[in-house]
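File shown: data_13.tsv. Contents: TSV, C-alpha atoms.
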chain	number	residue	atom	x	y	z
A	1	MET	CA	0.00	0.00	0.00
A	2	PRO	CA	1.28	3.53	-0.76
A	3	ASP	CA	2.27	5.69	2.18
A	4	PHE	CA	-0.11	8.62	1.68
A	5	LYS	CA	0.84	11.89	3.35
A	6	THR	CA	-0.08	15.53	2.92
A	7	SER	CA	1.43	17.31	-0.08
A	8	PRO	CA	4.37	19.68	0.54
A	9	GLY	CA	3.17	23.00	1.89
A	10	THR	CA	-0.08	21.56	3.27
A	11	ARG	CA	-0.95	19.96	6.59
A	12	ASP	CA	-3.84	18.62	8.62
A	13	ILE	CA	-5.18	20.91	11.33
A	14	LEU	CA	-6.28	18.73	14.24
A	15	ALA	CA	-7.78	19.56	17.63
A	16	PRO	CA	-7.06	21.56	19.70
A	17	HIS	CA	-5.44	23.69	16.97
A	18	SER	CA	-8.53	23.49	14.76
A	19	ALA	CA	-10.64	24.94	17.59
A	20	ARG	CA	-8.15	27.81	17.84
A	21	TRP	CA	-8.54	28.49	14.12
A	22	ARG	CA	-12.31	28.62	14.45
A	23	ALA	CA	-12.07	30.93	17.48
A	24	PHE	CA	-9.72	33.19	15.50
A	25	GLN	CA	-12.31	33.51	12.73
A	26	GLU	CA	-15.10	34.11	15.25
A	27	VAL	CA	-13.20	36.96	16.90
A	28	PHE	CA	-12.52	38.47	13.49
A	29	ALA	CA	-16.19	38.19	12.46
A	30	LYS	CA	-17.33	39.90	15.65
A	31	THR	CA	-14.82	42.71	15.14
A	32	VAL	CA	-15.63	43.60	11.54
A	33	GLU	CA	-19.36	42.89	11.64
A	34	SER	CA	-19.57	45.59	14.31
A	35	ALA	CA	-18.65	48.01	11.52
A	36	GLY	CA	-21.23	46.75	9.02
A	37	TYR	CA	-19.15	44.25	7.04
A	38	ASN	CA	-21.06	41.23	5.75
A	39	TYR	CA	-19.68	37.76	5.05
A	40	ILE	CA	-18.86	36.74	1.48
A	41	ILE	CA	-17.74	33.29	0.33
A	42	PRO	CA	-16.00	33.58	-3.08
A	43	PRO	CA	-15.34	30.44	-5.15
A	44	MET	CA	-12.15	28.50	-4.56
A	45	PHE	CA	-11.14	28.90	-8.21
A	46	GLU	CA	-11.75	31.51	-10.90
A	47	ASP	CA	-11.04	32.11	-14.56
A	48	LEU	CA	-7.28	32.64	-14.79
A	49	ASP	CA	-7.78	36.13	-16.26
A	50	VAL	CA	-9.34	37.33	-12.98
A	51	PHE	CA	-5.99	36.89	-11.26
A	52	LEU	CA	-3.90	38.07	-14.19
A	53	ARG	CA	-5.41	41.49	-13.46
A	54	LEU	CA	-3.33	41.55	-10.27
A	55	GLY	CA	-0.40	42.64	-12.43
A	56	GLU	CA	1.86	40.67	-14.72
A	57	ALA	CA	4.94	41.67	-12.71
A	58	THR	CA	3.45	40.32	-9.49
A	59	GLU	CA	5.14	37.09	-8.36
A	60	VAL	CA	1.82	35.46	-7.53
A	61	VAL	CA	0.92	35.85	-11.20
A	62	THR	CA	4.28	35.03	-12.77
A	63	LYS	CA	5.22	31.89	-10.87
A	64	GLU	CA	3.04	31.06	-7.86
A	65	MET	CA	-0.45	30.25	-9.16
A	66	TYR	CA	-1.94	26.78	-9.31
A	67	ASP	CA	-3.57	27.04	-12.74
A	68	PHE	CA	-4.89	24.29	-15.01
A	69	HIS	CA	-7.35	23.56	-17.80
A	70	ASP	CA	-10.55	21.94	-16.56
A	71	LYS	CA	-12.49	19.23	-18.37
A	72	GLY	CA	-14.39	21.90	-20.30
A	73	GLY	CA	-11.19	23.41	-21.59
A	74	ARG	CA	-11.43	26.51	-19.39
A	75	HIS	CA	-8.16	27.89	-18.03
A	76	VAL	CA	-8.79	28.35	-14.31
A	77	ALA	CA	-6.67	28.95	-11.20
A	78	LEU	CA	-7.03	28.24	-7.52
A	79	ARG	CA	-7.31	31.60	-5.84
A	80	PRO	CA	-3.95	32.98	-4.66
A	81	GLU	CA	-5.78	35.75	-2.77
A	82	GLN	CA	-9.38	36.96	-2.46
A	83	THR	CA	-9.44	40.66	-3.30
A	84	ALA	CA	-9.63	39.97	-7.03
A	85	SER	CA	-12.49	37.51	-6.46
A	86	VAL	CA	-14.39	40.07	-4.38
A	87	CYS	CA	-13.96	42.68	-7.11
A	88	ARG	CA	-15.12	40.16	-9.74
A	89	ALA	CA	-18.20	39.49	-7.59
A	90	PHE	CA	-18.83	43.24	-7.40
A	91	VAL	CA	-18.69	43.54	-11.18
A	92	GLU	CA	-20.98	40.53	-11.62
A	93	HIS	CA	-23.64	41.39	-9.03
A	94	ARG	CA	-23.40	45.21	-8.87
A	95	PRO	CA	-24.38	45.61	-5.19
A	96	VAL	CA	-25.30	49.00	-3.72
A	97	THR	CA	-22.25	50.95	-2.56
A	98	PRO	CA	-20.60	51.28	-0.19
A	99	TRP	CA	-20.22	47.51	-0.35
A	100	LYS	CA	-18.47	46.26	2.80
A	101	VAL	CA	-17.64	42.55	3.01
A	102	TRP	CA	-15.37	40.22	4.94
A	103	TYR	CA	-14.01	36.80	4.07
A	104	SER	CA	-12.17	33.89	5.61
A	105	GLY	CA	-10.65	30.82	4.04
A	106	PRO	CA	-7.78	29.18	2.20
A	107	ASN	CA	-5.70	30.50	-0.68
A	108	PHE	CA	-3.11	28.67	-2.75
A	109	ARG	CA	0.36	29.67	-3.91
A	110	TYR	CA	3.18	27.50	-5.18
A	111	GLU	CA	6.03	28.87	-3.11
A	112	LYS	CA	8.72	27.48	-0.85
A	113	PRO	CA	7.13	26.29	2.42
A	114	GLN	CA	8.65	27.87	5.53
A	115	GLN	CA	7.66	28.84	9.05
A	116	GLY	CA	4.27	30.52	8.97
A	117	ARG	CA	4.00	30.19	5.19
A	118	TYR	CA	2.37	27.29	3.37
A	119	ARG	CA	1.16	26.53	-0.15
A	120	GLN	CA	-2.37	26.30	1.21
A	121	PHE	CA	-2.76	29.13	3.69
A	122	ASP	CA	-5.71	30.82	5.37
A	123	GLN	CA	-6.44	34.51	5.57
A	124	VAL	CA	-9.16	36.71	6.96
A	125	GLY	CA	-9.83	40.08	5.39
A	126	ILE	CA	-12.21	42.87	4.51
A	127	GLU	CA	-12.95	44.86	1.38
A	128	ALA	CA	-14.89	48.12	1.06
A	129	LEU	CA	-15.84	49.28	-2.44
A	130	GLY	CA	-17.40	52.44	-3.80
A	131	VAL	CA	-16.05	55.07	-1.39
A	132	ASP	CA	-13.10	57.41	-1.94
A	133	ASP	CA	-12.92	58.81	1.56
A	134	ALA	CA	-9.84	59.05	3.78
A	135	PHE	CA	-11.98	58.24	6.81
A	136	LEU	CA	-12.72	54.83	5.28
A	137	ASP	CA	-8.99	54.18	4.94
A	138	ALA	CA	-8.62	54.94	8.64
A	139	GLU	CA	-11.62	52.76	9.53
A	140	VAL	CA	-10.17	49.78	7.69
A	141	ILE	CA	-6.81	50.16	9.41
A	142	ALA	CA	-8.50	50.67	12.79
A	143	LEU	CA	-10.48	47.45	12.41
A	144	ALA	CA	-7.30	45.46	11.85
A	145	SER	CA	-5.77	47.12	14.89
A	146	MET	CA	-8.88	46.33	16.96
A	147	PHE	CA	-8.74	42.70	15.91
A	148	TYR	CA	-5.11	42.32	16.95
A	149	SER	CA	-5.99	43.87	20.31
A	150	ALA	CA	-8.94	41.49	20.68
A	151	LEU	CA	-6.51	38.57	20.29
A	152	GLY	CA	-4.41	40.05	23.09
A	153	LEU	CA	-1.48	41.14	20.91
A	154	ASN	CA	0.47	44.14	22.24
A	155	HIS	CA	3.64	44.04	20.12
A	156	VAL	CA	2.30	44.97	16.69
A	157	GLU	CA	3.57	47.92	14.69
A	158	LEU	CA	1.78	49.64	11.83
A	159	SER	CA	3.75	50.94	8.84
A	160	ILE	CA	1.99	53.14	6.30
A	161	ASN	CA	2.81	54.79	2.99
A	162	THR	CA	1.11	56.26	-0.06
A	163	LEU	CA	1.74	55.15	-3.62
A	164	GLY	CA	-0.17	58.06	-5.11
A	165	ASP	CA	-2.58	57.71	-8.00
A	166	GLY	CA	-1.97	55.63	-11.11
A	167	GLY	CA	0.00	58.40	-12.79
A	168	ASP	CA	2.07	59.02	-9.66
A	169	ARG	CA	2.91	55.34	-9.36
A	170	GLU	CA	3.95	55.08	-13.01
A	171	ALA	CA	6.14	58.19	-12.76
A	172	TYR	CA	7.72	56.88	-9.56
A	173	SER	CA	8.35	53.51	-11.17
A	174	ASN	CA	10.22	55.24	-14.01
A	175	LEU	CA	12.20	57.29	-11.48
A	176	LEU	CA	13.19	54.15	-9.58
A	177	ALA	CA	14.12	52.40	-12.82
A	178	LYS	CA	16.60	55.15	-13.60
A	179	TYR	CA	17.99	55.17	-10.06
A	180	PHE	CA	18.42	51.41	-9.72
A	181	SER	CA	19.83	51.13	-13.23
A	182	LYS	CA	22.69	53.39	-12.16
A	183	HIS	CA	23.45	50.98	-9.32
A	184	GLU	CA	22.50	47.77	-11.10
A	185	SER	CA	25.98	46.29	-10.88
A	186	SER	CA	25.72	46.34	-7.07
A	187	LEU	CA	22.27	44.76	-6.87
A	188	THR	CA	21.74	41.08	-6.16
A	189	ALA	CA	20.82	38.84	-9.07
A	190	GLU	CA	17.27	38.54	-7.73
A	191	SER	CA	16.82	42.31	-7.62
A	192	LYS	CA	18.26	42.70	-11.10
A	193	ALA	CA	15.60	40.32	-12.38
A	194	THR	CA	12.92	42.19	-10.42
A	195	LEU	CA	14.11	45.51	-11.84
A	196	THR	CA	13.28	44.42	-15.37
A	197	ARG	CA	9.72	43.47	-14.35
A	198	ASN	CA	8.78	46.05	-11.74
A	199	PRO	CA	11.24	48.56	-10.22
A	200	LEU	CA	8.93	49.17	-7.24
A	201	ARG	CA	9.32	45.59	-6.09
A	202	VAL	CA	13.07	46.07	-5.68
A	203	LEU	CA	12.13	48.09	-2.59
A	204	ASP	CA	10.72	44.86	-1.10
A	205	SER	CA	14.11	43.16	-1.10
A	206	LYS	CA	15.28	42.04	2.36
A	207	ARG	CA	18.66	40.87	1.02
A	208	GLU	CA	21.54	42.57	2.80
A	209	PRO	CA	23.58	43.59	-0.31
A	210	ASP	CA	20.57	45.56	-1.61
A	211	GLN	CA	19.88	47.56	1.55
A	212	GLU	CA	22.35	50.40	1.11
A	213	ILE	CA	21.17	51.05	-2.44
A	214	ILE	CA	17.50	50.88	-1.42
A	215	ALA	CA	18.13	53.31	1.45
A	216	GLY	CA	19.29	55.93	-1.06
A	217	ALA	CA	16.31	55.52	-3.40
A	218	PRO	CA	13.98	58.50	-3.86
A	219	ALA	CA	10.72	58.45	-1.87
A	220	ILE	CA	7.40	58.54	-3.70
A	221	ARG	CA	5.94	61.15	-1.36
A	222	GLU	CA	8.39	63.64	-2.82
A	223	SER	CA	6.66	63.54	-6.20
A	224	ILE	CA	2.99	62.63	-5.74
A	225	SER	CA	0.11	64.88	-6.78
A	226	LYS	CA	-1.44	67.36	-4.33
A	227	GLN	CA	-4.67	65.37	-4.36
A	228	SER	CA	-2.84	62.21	-3.29
A	229	ALA	CA	-0.82	64.10	-0.69
A	230	ASP	CA	-3.98	65.63	0.78
A	231	HIS	CA	-5.66	62.22	0.93
A	232	PHE	CA	-2.69	60.72	2.75
A	233	ALA	CA	-2.55	63.62	5.20
A	234	ALA	CA	-6.25	63.14	5.93
A	235	VAL	CA	-5.72	59.41	6.60
A	236	LEU	CA	-2.91	60.15	9.06
A	237	SER	CA	-5.02	62.81	10.78
A	238	ALA	CA	-7.90	60.36	11.17
A	239	LEU	CA	-5.55	57.74	12.66
A	240	ASP	CA	-4.14	60.36	15.05
A	241	ALA	CA	-7.68	61.12	16.21
A	242	LEU	CA	-8.12	57.42	17.06
A	243	ASN	CA	-4.76	57.29	18.88
A	244	ILE	CA	-3.48	54.64	16.49
A	245	SER	CA	0.31	54.73	16.33
A	246	TYR	CA	2.06	54.31	12.98
A	247	LYS	CA	5.38	54.73	11.22
A	248	ILE	CA	5.60	56.25	7.76
A	249	ASN	CA	7.67	53.87	5.63
A	250	ASP	CA	8.67	55.33	2.27
A	251	ARG	CA	9.82	51.88	1.10
A	252	LEU	CA	6.50	50.12	1.69
A	253	VAL	CA	4.95	49.12	-1.64
A	254	ARG	CA	3.30	45.77	-0.75
A	255	GLY	CA	3.44	42.69	-2.94
A	256	LEU	CA	0.58	43.20	-5.41
A	257	ASP	CA	0.59	45.62	-8.31
A	258	TYR	CA	-2.95	46.89	-7.87
A	259	TYR	CA	-2.28	49.10	-4.84
A	260	ARG	CA	-2.83	52.86	-5.14
A	261	ARG	CA	-2.66	55.65	-2.57
A	262	THR	CA	-2.79	54.28	0.99
A	263	THR	CA	-0.80	51.11	1.62
A	264	PHE	CA	-0.07	49.65	5.05
A	265	GLU	CA	1.42	46.67	6.82
A	266	PHE	CA	1.31	45.23	10.34
A	267	VAL	CA	4.48	43.67	11.77
A	268	SER	CA	4.88	41.64	14.94
A	269	THR	CA	7.89	42.80	16.91
A	270	ALA	CA	7.56	39.67	19.07
A	271	LEU	CA	8.64	37.48	16.17
A	272	ASP	CA	12.34	37.06	15.46
A	273	ALA	CA	11.92	35.09	12.23
A	274	ALA	CA	12.88	36.45	8.82
A	275	HIS	CA	9.25	37.20	8.04
A	276	THR	CA	7.45	39.24	10.69
A	277	ALA	CA	4.62	40.80	8.65
A	278	ILE	CA	1.27	39.45	9.90
A	279	GLY	CA	-1.08	41.41	7.65
A	280	GLY	CA	-1.54	44.41	5.44
A	281	GLY	CA	-3.47	46.01	2.65
A	282	GLY	CA	-4.30	49.25	0.95
A	283	ARG	CA	-6.30	51.01	-1.74
A	284	TYR	CA	-6.76	49.38	-5.13
A	285	ASP	CA	-8.68	52.03	-7.10
A	286	GLY	CA	-8.76	50.75	-10.69
A	287	LEU	CA	-8.96	47.00	-10.05
A	288	VAL	CA	-12.74	46.89	-10.58
A	289	GLU	CA	-12.28	48.67	-13.90
A	290	ALA	CA	-9.62	46.15	-14.92
A	291	LEU	CA	-12.20	43.42	-14.34
A	292	GLY	CA	-14.76	45.09	-16.61
A	293	GLY	CA	-16.66	47.15	-14.06
A	294	PRO	CA	-17.22	50.88	-13.65
A	295	ALA	CA	-14.64	53.15	-12.06
A	296	THR	CA	-14.88	52.13	-8.40
A	297	SER	CA	-12.73	52.92	-5.40
A	298	GLY	CA	-11.70	50.07	-3.16
A	299	ILE	CA	-9.70	49.41	-0.01
A	300	GLY	CA	-9.11	46.39	2.17
A	301	PHE	CA	-6.67	44.17	3.99
A	302	ALA	CA	-5.78	40.51	4.42
A	303	LEU	CA	-4.34	39.08	7.63
A	304	GLY	CA	-2.44	35.81	7.65
A	305	LEU	CA	-3.84	33.29	10.10
A	306	ASP	CA	-0.69	31.19	10.54
A	307	ARG	CA	1.69	34.12	10.97
A	308	THR	CA	-0.70	35.89	13.37
A	309	LEU	CA	-1.01	32.78	15.53
A	310	LEU	CA	2.79	32.56	15.63
A	311	ALA	CA	2.77	36.13	16.97
A	312	CYS	CA	0.17	35.08	19.55
A	313	ASP	CA	2.43	32.20	20.61
A	314	ALA	CA	5.39	34.57	20.90
A	315	GLU	CA	3.37	36.82	23.22
A	316	GLY	CA	1.69	33.94	25.08
A	317	VAL	CA	-1.86	35.02	24.20
A	318	PHE	CA	-4.95	33.54	22.53
A	319	ALA	CA	-4.47	29.93	23.50
A	320	ALA	CA	-6.63	27.17	22.06
A	321	PRO	CA	-10.10	27.32	23.63
A	322	GLN	CA	-11.42	24.64	25.94
A	323	THR	CA	-13.44	22.12	23.93
A	324	ASP	CA	-13.93	19.35	26.50
A	325	VAL	CA	-17.48	18.07	26.97
A	326	ASP	CA	-19.47	18.84	30.11
A	327	VAL	CA	-20.60	15.30	30.82
A	328	PHE	CA	-19.40	11.74	30.13
A	329	VAL	CA	-22.00	9.00	30.44
A	330	VAL	CA	-20.93	5.55	31.67
A	331	ASP	CA	-23.39	2.73	30.94
A	332	THR	CA	-22.60	-0.73	32.35
A	333	VAL	CA	-25.96	-2.25	31.35
A	334	ASP	CA	-26.41	-2.45	27.58
A	335	GLY	CA	-25.43	0.92	26.06
A	336	THR	CA	-29.00	2.00	25.30
A	337	HIS	CA	-29.21	4.15	28.45
A	338	ALA	CA	-26.06	6.09	27.52
A	339	HIS	CA	-27.40	6.47	23.99
A	340	ASP	CA	-30.71	7.93	25.19
A	341	LEU	CA	-29.27	10.08	27.98
A	342	CYS	CA	-26.58	11.64	25.76
A	343	HIS	CA	-29.26	12.69	23.28
A	344	GLN	CA	-31.37	14.21	26.09
A	345	LEU	CA	-28.39	16.02	27.57
A	346	ARG	CA	-27.48	17.57	24.21
A	347	ALA	CA	-31.09	18.59	23.62
A	348	ASN	CA	-31.03	20.40	26.99
A	349	GLY	CA	-27.89	22.41	26.24
A	350	PHE	CA	-25.16	20.19	27.70
A	351	SER	CA	-22.27	18.76	25.73
A	352	ALA	CA	-21.99	15.03	26.31
A	353	ASP	CA	-20.01	12.00	25.17
A	354	ARG	CA	-19.90	8.29	26.02
A	355	ALA	CA	-17.94	5.09	25.51
A	356	TYR	CA	-18.98	2.41	23.04
A	357	ASP	CA	-18.79	-1.37	22.60
A	358	LEU	CA	-20.01	-2.04	26.18
A	359	ARG	CA	-16.55	-1.84	27.69
A	360	SER	CA	-15.88	-2.46	31.40
A	361	ILE	CA	-16.64	0.29	33.90
A	362	LYS	CA	-12.89	0.71	34.50
A	363	ALA	CA	-12.25	1.24	30.79
A	364	GLN	CA	-15.20	3.62	30.52
A	365	MET	CA	-13.97	5.70	33.46
A	366	LYS	CA	-10.55	5.97	31.80
A	367	SER	CA	-12.34	7.33	28.73
A	368	ALA	CA	-14.19	9.77	30.97
A	369	ASP	CA	-10.86	11.00	32.36
A	370	ARG	CA	-9.40	11.47	28.88
A	371	SER	CA	-12.50	13.34	27.70
A	372	GLY	CA	-11.85	16.21	30.11
A	373	ALA	CA	-15.49	16.11	31.22
A	374	ARG	CA	-16.22	17.75	34.56
A	375	VAL	CA	-18.91	15.23	35.48
A	376	ALA	CA	-19.42	11.51	34.91
A	377	LEU	CA	-22.94	10.08	35.00
A	378	ILE	CA	-22.91	6.35	35.80
A	379	ILE	CA	-25.83	4.05	34.98
A	380	GLY	CA	-25.79	0.47	36.25
A	381	SER	CA	-28.55	-2.08	36.85
A	382	ASP	CA	-29.42	-0.56	40.25
A	383	GLU	CA	-29.78	2.91	38.74
A	384	VAL	CA	-32.03	1.57	35.98
A	385	ALA	CA	-34.23	-0.25	38.52
A	386	ASN	CA	-34.55	2.85	40.73
A	387	SER	CA	-34.77	5.52	37.98
A	388	THR	CA	-31.63	7.16	39.35
A	389	ILE	CA	-28.20	8.16	38.08
A	390	MET	CA	-24.89	8.16	39.92
A	391	LEU	CA	-23.24	11.59	39.57
A	392	ARG	CA	-19.46	11.78	40.02
A	393	PRO	CA	-17.71	15.17	39.83
A	394	MET	CA	-14.44	14.22	38.13
A	395	GLY	CA	-11.35	14.47	40.30
A	396	SER	CA	-13.28	14.92	43.53
A	397	GLY	CA	-13.30	11.31	44.69
A	398	GLU	CA	-16.96	11.71	45.57
A	399	GLN	CA	-20.20	10.54	43.99
A	400	TYR	CA	-23.89	10.60	44.88
A	401	VAL	CA	-27.25	9.41	43.60
A	402	VAL	CA	-29.62	11.77	41.77
A	403	SER	CA	-33.17	11.07	40.68
A	404	ARG	CA	-33.43	10.69	36.89
A	405	LYS	CA	-36.05	13.45	36.71
A	406	ASP	CA	-33.81	15.89	38.62
A	407	ILE	CA	-30.57	15.25	36.72
A	408	PHE	CA	-30.70	18.33	34.48
A	409	ASN	CA	-31.27	20.74	37.36
A	410	GLU	CA	-28.52	19.08	39.36
A	411	LEU	CA	-26.08	19.37	36.47
A	412	LYS	CA	-26.82	23.08	36.15
A	413	LYS	CA	-25.80	23.53	39.79
A	414	VAL	CA	-22.65	21.42	39.48
A	415	LEU	CA	-21.49	22.95	36.19
A	416	LYS	CA	-22.26	26.59	36.90
Final structure tokens representation of the file:
Amino acid sequence: MPDFKTSPGTRDILAPHSARWRAFQEVFAKTVESAGYNYIIPPMFEDLDVFLRLGEATEVVTKEMYDFHDKGGRHVALRPEQTASVCRAFVEHRPVTPWKVWYSGPNFRYEKPQQGRYRQFDQVGIEALGVDDAFLDAEVIALASMFYSALGLNHVELSINTLGDGGDREAYSNLLAKYFSKHESSLTAESKATLTRNPLRVLDSKREPDQEIIAGAPAIRESISKQSADHFAAVLSALDALNISYKINDRLVRGLDYYRRTTFEFVSTALDAAHTAIGGGGRYDGLVEALGGPATSGIGFALGLDRTLLACDAEGVFAAPQTDVDVFVVDTVDGTHAHDLCHQLRANGFSADRAYDLRSIKAQMKSADRSGARVALIIGSDEVANSTIMLRPMGSGEQYVVSRKDIFNELKKVLK
């Protein structure tokens, strides 16, 4: 028989880690739904052209997508991110603006697996379309900050920049191309290759030989339009009013080509790995148009689940929630009593489990211990004859008889 295992860059998420994932998503939902964002579930795959609109110089487009031809001959791709899918949904369904949505789920990129980064990886995020207002930029950033606080994270820094409008970005790209070309001989081979595709992405390099050259590169804020500068100033003012700390980072361009104006990134200072970014986003005015829709402003963010949980581990916060059952039923008669009582317990709001295969009482009590239940309910022949149940608070060394008709009220007292 073949030895089947998960594919490289994927893994199984088992309890208690799976419960932590679900709790993470629940905290996120509560945070963003308080601001009027509604849940959207985009498809797991789209027409390849949807993601090609992310920008042909973007690495996720050039070498990281899982794309294939389906049985109908359509060229499709597993989603590498969800912003493009949300914008495609906007174009297709034309909802009333402002359209504020949130998402959660897996994305797929063929990249080298490493700590906190997998080929199948989960993100949570929000998108807001149809509003060109600096206060919305600040709201989006504030919601991410609120979510990190809700997890208990205290060592998270916000970096922010502006990429200007489309014309500003293009002019800046040309300016960088000239600058880096003068220093091309000193750049790493990877940055030289990036320079030919997208000069802005050279600023993303974390390779040590590139840092001195990058440090001397011109900043985009020195050449953006007044309208873009005013928008950025208004965003910063709105963040100041909310007492949200930030650092202006002239080198922050983010990894996708669709960003315009405001761009931002959250970094965990508790992590000492090579990659400490735990989320980020920005404006993508023009992406809806690229997908065939009307001119529509858009802004959002995506937060990496794995990397954020690593930050939680580093700070010792947001542990896996308790998922043990309330009650474990031990039936030494024929199993039917445990079957019936478990159903009744669950119907009355208690979580309950039991042993199977009519094992010995000793074996069943070992299962009760492993279950983490706070109470064991024991049913033997005497209990059946007297319509009673033996109640044993786990770990107490005590037990007592309770009338069958009073068991639910008694459990409420014991478990309160």
Which residues, written as a ChimeraX atom specification, have at least one atom at most 7 Å from Gly281 of chain A, with all atoms listed in the file counted and residues fewer than 3 positions away on the same chain left out? /A:263-265,300-302
Need the shell around segment 390-393 of chain A: protein/DNA/RNA residues with any atom at most 8 Å away, counting all atoms listed in the file. Skip same-chain ones fewer than 4 positions apart. Format as a VMD selection string? chain A and resid 374 to 379 383 397 to 402 414
Resulting file, chosen residues, C-alpha atoms, as a tab-separated table (two decimals), keeping the file's coordinate frame:
chain	number	residue	atom	x	y	z
A	374	ARG	CA	-16.22	17.75	34.56
A	375	VAL	CA	-18.91	15.23	35.48
A	376	ALA	CA	-19.42	11.51	34.91
A	377	LEU	CA	-22.94	10.08	35.00
A	378	ILE	CA	-22.91	6.35	35.80
A	379	ILE	CA	-25.83	4.05	34.98
A	383	GLU	CA	-29.78	2.91	38.74
A	397	GLY	CA	-13.30	11.31	44.69
A	398	GLU	CA	-16.96	11.71	45.57
A	399	GLN	CA	-20.20	10.54	43.99
A	400	TYR	CA	-23.89	10.60	44.88
A	401	VAL	CA	-27.25	9.41	43.60
A	402	VAL	CA	-29.62	11.77	41.77
A	414	VAL	CA	-22.65	21.42	39.48
Report, in Å with one decimal, the straight-line distance from atom CA of Glu410 of chain A to atom CA of Ile389 of chain A. 11.0 Å
Quick check, in Å to one decimal: how far apart do atom CA of Asp306 of chain A and atom CA of Ile278 of chain A lie? 8.5 Å
Excluding same-chain residues fewer than 2 positions from segment 172-184 of chain A, what lies within 12 Å of it counting only C-alpha atoms, as a PyMOL selection string? chain A and resi 162-170+186-203+209-225+250-251+253+257
Identify, on the basis of only C-alpha atoms, every residue whose closest approach to Val76 of chain A does not exceed 9 Å; exclude the query and any residue fewer than 3 positions from it along the same chain; express the result as a ChimeraX atom specification. /A:45-49,66-70
Excluding Lys30 of chain A and residues on its chain fewer than 6 positions from it, collect all residues at most 12 Å away from it, counting all atoms listed in the file, and give them as number ranges by chain. A: 23-24, 36-39, 102, 143, 146-147, 150-151
Using all atoms listed in the file, which of the listed residues (A:Gly304, A:Pro80, A:Gly372, A:Gly282) sits closest to Val50 of chain A? A:Pro80
Under the rule of at most 10 Å, produce a per-residue listing of segment 108-188 of chain A near segment 230-234 of chain A: chain, number, name, the closest pair of atoms, and the distance in Å, as JSON lines, using all atoms listed in the file.
{"residue": "A:Asp132", "atom": "CA", "partner": "A:His231", "partner_atom": "CA", "distance": 9.3}
{"residue": "A:Asp133", "atom": "CA", "partner": "A:His231", "partner_atom": "CA", "distance": 8.0}
{"residue": "A:Ala134", "atom": "CA", "partner": "A:Ala234", "partner_atom": "CA", "distance": 5.9}
{"residue": "A:Phe135", "atom": "CA", "partner": "A:Ala234", "partner_atom": "CA", "distance": 7.6}
{"residue": "A:Asp137", "atom": "CA", "partner": "A:Phe232", "partner_atom": "CA", "distance": 9.3}
{"residue": "A:Ala138", "atom": "CA", "partner": "A:Ala234", "partner_atom": "CA", "distance": 9.0}
{"residue": "A:Ile160", "atom": "CA", "partner": "A:Phe232", "partner_atom": "CA", "distance": 9.6}
{"residue": "A:Asn161", "atom": "CA", "partner": "A:Phe232", "partner_atom": "CA", "distance": 8.1}
{"residue": "A:Thr162", "atom": "CA", "partner": "A:Phe232", "partner_atom": "CA", "distance": 6.5}
{"residue": "A:Leu163", "atom": "CA", "partner": "A:Phe232", "partner_atom": "CA", "distance": 9.6}
{"residue": "A:Gly164", "atom": "CA", "partner": "A:Phe232", "partner_atom": "CA", "distance": 8.7}
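Computed from the coordinates, the atom CA of Ala270 of chain A to atom CA of Leu305 of chain A distance equals 15.8 Å.
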Among A:Ser7, A:Ser18, A:Ser104, A:Asn348, Ala320 of chain A is approached most closely, using all atoms listed in the file, by A:Ser18
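Using all atoms listed in the file for every distance, the candidate list A:Lys247, A:Gly292, A:His337, A:Leu78 yields A:Gly292 as the residue closest to Glu92 of chain A.
Residue nearest Val27 of chain A within the list A:Ser149, A:Thr276, A:Gln114, A:Gln82: A:Ser149 [criterion: smallest interatomic distance, all atoms listed in the file].
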Using all atoms listed in the file, can you list as a VMD selection string the residues within 7 Å of (-21.7, 1.8, 33.0)? chain A and resid 330 to 333 361 378 to 380
Keeping only C-alpha atoms, write the selected residues as an mmCIF file, in the frame of the given file.
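Just written: again15.cif:
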data_model
loop_
_atom_site.group_PDB
_atom_site.id
_atom_site.type_symbol
_atom_site.label_atom_id
_atom_site.label_comp_id
_atom_site.auth_asym_id
_atom_site.auth_seq_id
_atom_site.Cartn_x
_atom_site.Cartn_y
_atom_site.Cartn_z
ATOM 1 C CA VAL A 330 -20.930 5.550 31.670
ATOM 2 C CA ASP A 331 -23.390 2.730 30.940
ATOM 3 C CA THR A 332 -22.600 -0.730 32.350
ATOM 4 C CA VAL A 333 -25.960 -2.250 31.350
ATOM 5 C CA ILE A 361 -16.640 0.290 33.900
ATOM 6 C CA ILE A 378 -22.910 6.350 35.800
ATOM 7 C CA ILE A 379 -25.830 4.050 34.980
ATOM 8 C CA GLY A 380 -25.790 0.470 36.250
#
Among listed residues A:Thr10, A:Glu26, A:Val156, A:Arg88, nearest Phe108 of chain A (using only C-alpha atoms): A:Thr10
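For the choices A:Tyr118, A:Pro43, A:Arg404, A:Leu52, the atom-to-atom distance to Gly9 of chain A is smallest for A:Tyr118 when using all atoms listed in the file.
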